[in-house]
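Participant: Quick one, start_4.cif (mmCIF, C-alpha atoms):
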data_entry
#
loop_
_atom_site.label_atom_id
_atom_site.label_comp_id
_atom_site.auth_asym_id
_atom_site.auth_seq_id
_atom_site.Cartn_x
_atom_site.Cartn_y
_atom_site.Cartn_z
CA MET V 10 -65.12 75.94 -16.85
CA GLY V 11 -65.85 73.27 -14.27
CA ALA V 12 -65.53 73.83 -10.57
CA ILE V 13 -62.17 73.04 -9.02
CA LYS V 14 -62.42 69.85 -7.02
CA THR V 15 -60.69 69.25 -3.74
CA MET V 16 -58.25 66.37 -3.38
CA LYS V 17 -60.78 64.64 -1.11
CA GLU V 18 -63.43 64.82 -3.86
CA VAL V 19 -60.96 63.50 -6.46
CA GLU V 20 -59.83 60.63 -4.25
CA SER V 21 -63.37 59.66 -3.23
CA ALA V 22 -64.28 59.35 -6.94
CA LEU V 23 -61.45 56.87 -7.61
CA PRO V 24 -62.46 53.20 -8.00
CA GLN V 25 -61.56 50.95 -5.07
CA LYS V 26 -59.57 47.87 -6.04
CA LYS V 27 -58.35 44.89 -4.06
CA GLU V 28 -55.71 43.77 -6.53
CA ILE V 29 -53.04 46.43 -6.84
CA ASN V 30 -49.47 46.60 -8.02
CA TYR V 31 -48.46 50.03 -6.75
CA VAL V 32 -49.54 52.55 -4.11
CA ARG V 33 -49.00 56.29 -4.36
CA ALA V 34 -46.98 57.72 -1.46
CA LEU V 35 -44.72 60.59 -0.52
CA ASP V 36 -40.99 60.22 0.02
CA LYS V 37 -39.15 61.86 2.96
CA ASP V 38 -38.93 65.13 0.96
CA ARG V 39 -42.71 64.98 0.33
CA ASN V 40 -42.26 64.20 -3.37
CA PRO V 41 -44.87 61.87 -4.90
CA ILE V 42 -43.68 58.32 -5.58
CA LEU V 43 -45.09 54.90 -6.47
CA ILE V 44 -44.20 51.98 -4.20
CA ASN V 45 -45.02 48.37 -5.09
CA LYS V 46 -47.15 46.44 -2.62
CA GLU V 47 -44.35 44.04 -1.60
CA ASP V 48 -42.03 46.90 -0.66
CA LEU V 49 -44.88 48.66 1.16
CA ALA V 50 -45.62 45.48 3.14
CA GLN V 51 -41.94 45.19 4.10
CA VAL V 52 -41.82 48.83 5.27
CA VAL V 53 -45.02 48.45 7.32
CA GLY V 54 -43.76 45.15 8.81
CA GLU V 55 -40.48 46.77 9.83
CA LEU V 56 -42.37 49.66 11.45
CA ILE V 57 -44.62 47.29 13.40
CA GLY V 58 -41.75 44.99 14.36
CA THR V 59 -41.78 41.45 15.69
CA THR V 60 -43.67 40.58 18.85
CA THR V 61 -41.72 39.84 22.00
CA ILE V 62 -42.72 39.15 25.56
CA GLU V 63 -42.36 42.88 26.25
CA LYS V 64 -43.88 44.35 23.05
CA ALA V 65 -46.79 43.72 20.70
CA GLY V 66 -46.04 43.27 17.02
CA LEU V 67 -46.16 40.75 14.20
CA LEU V 68 -45.75 37.11 15.15
CA SER V 69 -42.81 35.48 13.37
CA PRO V 70 -43.47 32.10 11.70
CA ASP V 71 -41.20 30.39 14.24
CA LEU V 72 -43.05 31.91 17.20
CA PHE V 73 -46.44 31.18 15.60
CA LYS V 74 -45.60 27.46 15.60
CA VAL V 75 -44.98 27.32 19.33
CA TYR V 76 -48.09 29.24 20.43
CA PRO V 77 -51.06 27.09 21.49
CA HIS V 78 -53.48 26.65 18.60
CA PHE V 79 -57.20 26.82 19.42
CA VAL V 80 -58.82 24.37 16.97
CA ASN V 81 -62.18 22.80 16.22
CA ALA V 82 -62.13 19.41 17.91
CA TYR V 83 -64.86 17.65 16.02
CA ASP V 84 -64.69 15.51 12.90
CA SER V 85 -61.14 16.65 12.10
CA VAL V 86 -57.56 15.43 11.77
CA TYR V 87 -54.59 17.72 12.41
CA LYS V 88 -50.93 17.17 11.56
CA ILE V 89 -49.08 18.05 14.78
CA ALA V 90 -45.52 17.13 13.78
CA ASP V 91 -44.27 17.41 10.23
CA ASN V 92 -41.26 15.54 8.84
CA VAL V 93 -39.61 14.90 12.22
CA THR V 94 -35.84 15.14 11.85
CA ASP V 95 -33.39 12.53 13.15
CA TRP V 96 -33.02 12.52 16.93
CA TYR V 97 -35.25 15.59 17.37
CA ARG V 98 -37.50 15.33 20.39
CA ALA V 99 -40.02 17.77 21.80
CA PRO V 100 -43.28 17.21 23.69
CA ILE V 101 -46.71 17.96 22.28
CA ALA V 102 -49.64 18.80 24.56
CA VAL V 103 -53.33 18.50 23.67
CA LEU V 104 -56.04 19.89 25.95
CA CYS V 105 -59.71 19.24 25.14
CA ASN V 106 -63.11 18.58 26.69
CA ASP V 107 -65.04 15.33 26.74
CA SER V 108 -68.56 16.33 27.77
CA ALA V 109 -67.94 18.40 30.89
CA ASP V 110 -64.58 16.82 31.72
CA THR V 111 -61.19 18.22 30.79
CA CYS V 112 -58.72 15.91 29.07
CA MET V 113 -54.99 16.45 28.76
CA ASP V 114 -52.60 14.36 26.70
CA PHE V 115 -48.82 14.54 26.36
CA LEU V 116 -47.09 13.03 23.37
CA SER V 117 -43.31 12.55 23.34
CA PHE V 118 -41.53 11.38 20.21
CA ILE V 119 -38.18 10.79 18.60
CA TYR V 120 -37.15 9.72 15.09
CA ILE V 121 -34.33 7.18 15.15
CA PRO V 122 -32.82 6.56 11.69
CA ASP V 123 -32.61 2.77 12.11
CA THR V 124 -36.03 2.16 13.68
CA GLY V 125 -38.20 5.10 12.59
CA LEU V 126 -40.52 7.32 14.60
CA ALA V 127 -41.19 6.24 18.18
CA ALA V 128 -43.80 7.96 20.31
CA SER V 129 -45.01 7.76 23.88
CA LEU V 130 -48.50 8.91 24.91
CA LYS V 131 -49.46 9.88 28.46
CA ARG V 132 -53.10 10.70 29.17
CA ILE V 133 -53.78 12.82 32.23
CA LEU V 134 -57.16 13.51 33.87
CA LYS V 135 -59.79 11.84 31.65
CA LYS V 136 -59.09 9.55 28.71
CA PRO V 137 -61.31 10.65 25.80
CA LEU V 138 -62.37 7.92 23.39
CA GLN V 139 -62.87 10.46 20.60
CA VAL V 140 -59.21 11.59 20.50
CA LYS V 141 -56.62 9.33 18.84
CA TYR V 142 -53.01 9.82 17.75
CA TYR V 143 -51.28 8.37 14.70
CA ILE V 144 -47.86 8.06 13.08
CA LYS V 145 -47.40 8.05 9.31
CA GLY V 146 -43.83 8.14 8.06
CA ARG V 147 -42.15 11.05 9.86
CA ASP V 148 -45.45 12.80 10.67
CA LEU V 149 -47.71 12.75 13.75
CA PHE V 150 -51.46 13.33 13.69
CA VAL V 151 -54.32 13.83 16.15
CA SER V 152 -57.85 12.80 15.17
CA PHE V 153 -60.97 14.20 16.84
CA THR V 154 -64.19 12.27 16.28
CA PHE V 155 -66.48 14.36 18.47
CA ASN V 156 -69.69 15.01 16.54
CA ASN V 157 -70.36 18.56 15.47
CA GLU V 158 -73.80 18.87 17.08
CA LEU V 159 -72.24 20.84 19.92
CA PRO V 160 -69.18 23.08 19.63
CA ASN V 161 -66.05 21.35 20.84
CA HIS V 162 -62.57 22.82 20.75
CA ALA V 163 -59.04 21.91 21.77
CA TYR V 164 -55.72 23.58 22.41
CA ILE V 165 -52.73 21.99 20.72
CA LEU V 166 -49.19 22.98 21.63
CA SER V 167 -46.65 21.61 19.14
CA PRO V 168 -43.20 22.94 18.19
CA TYR V 169 -44.07 22.12 14.57
CA GLY V 170 -47.32 24.07 14.49
CA VAL V 171 -50.71 22.61 13.63
CA GLN V 172 -52.23 21.93 10.21
CA LEU V 173 -55.78 20.76 9.47
CA VAL V 174 -55.47 17.88 6.99
CA GLY V 175 -59.01 16.51 6.77
CA THR V 176 -61.64 14.45 8.52
CA PRO V 177 -61.14 11.12 10.33
CA ASP V 178 -62.05 9.18 7.18
CA ILE V 179 -58.52 9.88 5.84
CA ILE V 180 -57.11 7.54 8.48
CA ASP V 181 -56.34 4.23 6.74
CA ASP V 182 -53.97 1.27 7.09
CA SER V 183 -50.96 3.47 6.30
CA PHE V 184 -51.41 5.19 9.71
CA THR V 185 -50.23 3.51 12.93
CA GLU V 186 -52.21 4.35 16.06
CA ILE V 187 -50.26 5.50 19.10
CA THR V 188 -51.65 4.01 22.29
CA GLU V 189 -50.97 5.08 25.83
CA THR V 190 -47.90 3.65 27.51
CA LEU V 191 -48.10 2.96 31.20
#
Take the structure I supplied and represent it as structure tokens, if you would.
Facilitator:
Amino acid sequence: MGAIKTMKEVESALPQKKEINYVRALDKDRNPILINKEDLAQVVGELIGTTTIEKAGLLSPDLFKVYPHFVNAYDSVYKIADNVTDWYRAPIAVLCNDSADTCMDFLSFIYIPDTGLAASLKRILKKPLQVKYYIKGRDLFVSFTFNNELPNHAYILSPYGVQLVGTPDIIDDSFTEITETL
């Protein structure tokens, strides 16, 4: 007869997999059960809870959108407003560096059904030449053309969230540049 193995020895001999369908667990009466990974994720998420100003937790998708996004600000284009709805208006703030100087831009916008998307750009502090804003349809974009020889980053605060869509070479005649209004 072979030696009796401990549960730790048995479990350590099991193969480790990343793709699973079920996890073995114990129910409240300590009976063994199988729970699928989606249900397990829901249970864990409910135990952790959603983050609030008073408590740490998981960040809801709606809250994630409104947090400042720390992004690479070189050779990149980000969508900063996606499918703007009629009459919706909310400011977007972009904070970046141009050499050793801080740059801050505020972009206000509104989509009017008869005339389309209108935007107003205010540049505070320094006006970086390597940061440009564009409208395409109901979407707004920011383009950073800083070279990537030195790290360069930006904070973007948008109620729509931020999505990397490519490099500045995607900007073509279908995009309309937003220039500063005085």
Participant: Do a neighbour search on V:Lys136 at 12 Å with all atoms listed in the file, toss out local chain neighbours closer than 4 positions, and write the hits as a list in words.
Facilitator: Val103, Leu104, Cys105, Asn106, Asp107, Ser108, Asp110, Thr111, Cys112, Met113, Asp114, Phe115, Leu130, Lys131, Arg132, Val140, Lys141, Thr188 and Glu189 of chain V
Participant: Using all atoms listed in the file, which of the listed residues (V:Thr61, V:Ser152, V:Ser21, V:Thr190) sits closest to V:Tyr87?
Facilitator: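 Between V:Thr61, V:Ser152, V:Ser21, V:Thr190, the residue approaching V:Tyr87 most closely is V:Ser152.
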Participant: Assuming the chain letters and numbering stay as they are in my file, what does the PyMOL selection byres ((chain V and resi 157) around 12) actually select? List them as a short mmCIF file (atom, residue, chain, number, x, y, z; two decimals) with C-alpha atoms, in the coordinates of the input.
Facilitator:
data_model
loop_
_atom_site.label_atom_id
_atom_site.label_comp_id
_atom_site.auth_asym_id
_atom_site.auth_seq_id
_atom_site.Cartn_x
_atom_site.Cartn_y
_atom_site.Cartn_z
CA ASN V 81 -62.18 22.80 16.22
CA ALA V 82 -62.13 19.41 17.91
CA TYR V 83 -64.86 17.65 16.02
CA ASP V 84 -64.69 15.51 12.90
CA SER V 85 -61.14 16.65 12.10
CA PHE V 153 -60.97 14.20 16.84
CA THR V 154 -64.19 12.27 16.28
CA PHE V 155 -66.48 14.36 18.47
CA ASN V 156 -69.69 15.01 16.54
CA GLU V 158 -73.80 18.87 17.08
CA LEU V 159 -72.24 20.84 19.92
CA PRO V 160 -69.18 23.08 19.63
CA ASN V 161 -66.05 21.35 20.84
CA HIS V 162 -62.57 22.82 20.75
CA THR V 176 -61.64 14.45 8.52
#
Participant: Could you name the residues that touch V:Leu126 at 10 Å or less, counting all atoms listed in the file, but leaving out those on the same chain fewer than 3 positions away, as a CSV table (one decimal) with C-alpha atoms, in the frame of the given file?
Facilitator:
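Now in result15.csv:
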chain,number,residue,atom,x,y,z
V,93,VAL,CA,-39.6,14.9,12.2
V,94,THR,CA,-35.8,15.1,11.8
V,95,ASP,CA,-33.4,12.5,13.2
V,96,TRP,CA,-33.0,12.5,16.9
V,118,PHE,CA,-41.5,11.4,20.2
V,119,ILE,CA,-38.2,10.8,18.6
V,120,TYR,CA,-37.2,9.7,15.1
V,121,ILE,CA,-34.3,7.2,15.2
V,122,PRO,CA,-32.8,6.6,11.7
V,123,ASP,CA,-32.6,2.8,12.1
V,144,ILE,CA,-47.9,8.1,13.1
V,145,LYS,CA,-47.4,8.0,9.3
V,146,GLY,CA,-43.8,8.1,8.1
V,147,ARG,CA,-42.2,11.0,9.9
V,148,ASP,CA,-45.4,12.8,10.7
V,149,LEU,CA,-47.7,12.8,13.8
Participant: In Å, rounded to a single decimal, give me how far atom CA of V:Ile187 is from atom CA of V:Tyr142.
Facilitator: 5.3 Å
Participant: Hey, can you check how far atom CA of V:Tyr76 sits from atom CA of V:Lys64?
Facilitator: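 Atom-to-atom, atom CA of V:Tyr76 and atom CA of V:Lys64 are spaced 15.9 Å apart.
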Participant: Expressed in Å to a single decimal, how great is the separation between atom CA of V:Ile165 and atom CA of V:Ser129?
Facilitator: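 Atom-to-atom, atom CA of V:Ile165 and atom CA of V:Ser129 are spaced 16.5 Å apart.
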Participant: Just the residues within 12 Å of V:Leu56, please, counting all atoms listed in the file, with nothing from its chain fewer than 6 positions along; format it as a VMD selection string.
Facilitator: chain V and resid 49 to 50 65 to 67
Participant: Okay, now the selection with C-alpha atoms, as a JSON list (two decimals), keeping the file's coordinate frame?
Facilitator:
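Ended up saving to out.json:
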[["chain", "number", "residue", "atom", "x", "y", "z"],
["V", 49, "LEU", "CA", -44.88, 48.66, 1.16],
["V", 50, "ALA", "CA", -45.62, 45.48, 3.14],
["V", 65, "ALA", "CA", -46.79, 43.72, 20.70],
["V", 66, "GLY", "CA", -46.04, 43.27, 17.02],
["V", 67, "LEU", "CA", -46.16, 40.75, 14.20]]
Participant: Please list as a list in words every residue within 9 Å of V:Pro168, counting all atoms listed in the file and excluding residues in the same chain fewer than 3 positions away.
Facilitator: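 Listed by chain and then number, they are Asp71, Lys74, Val75, Tyr76, Ile89, Ala90, Ala99, Pro100, Ile101 and Val171 of chain V.
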Participant: What's the 8 Å shell around V:Pro77, counting only C-alpha atoms, without same-chain residues fewer than 6 positions away, as a PyMOL selection string?
Facilitator: chain V and resi 164-167
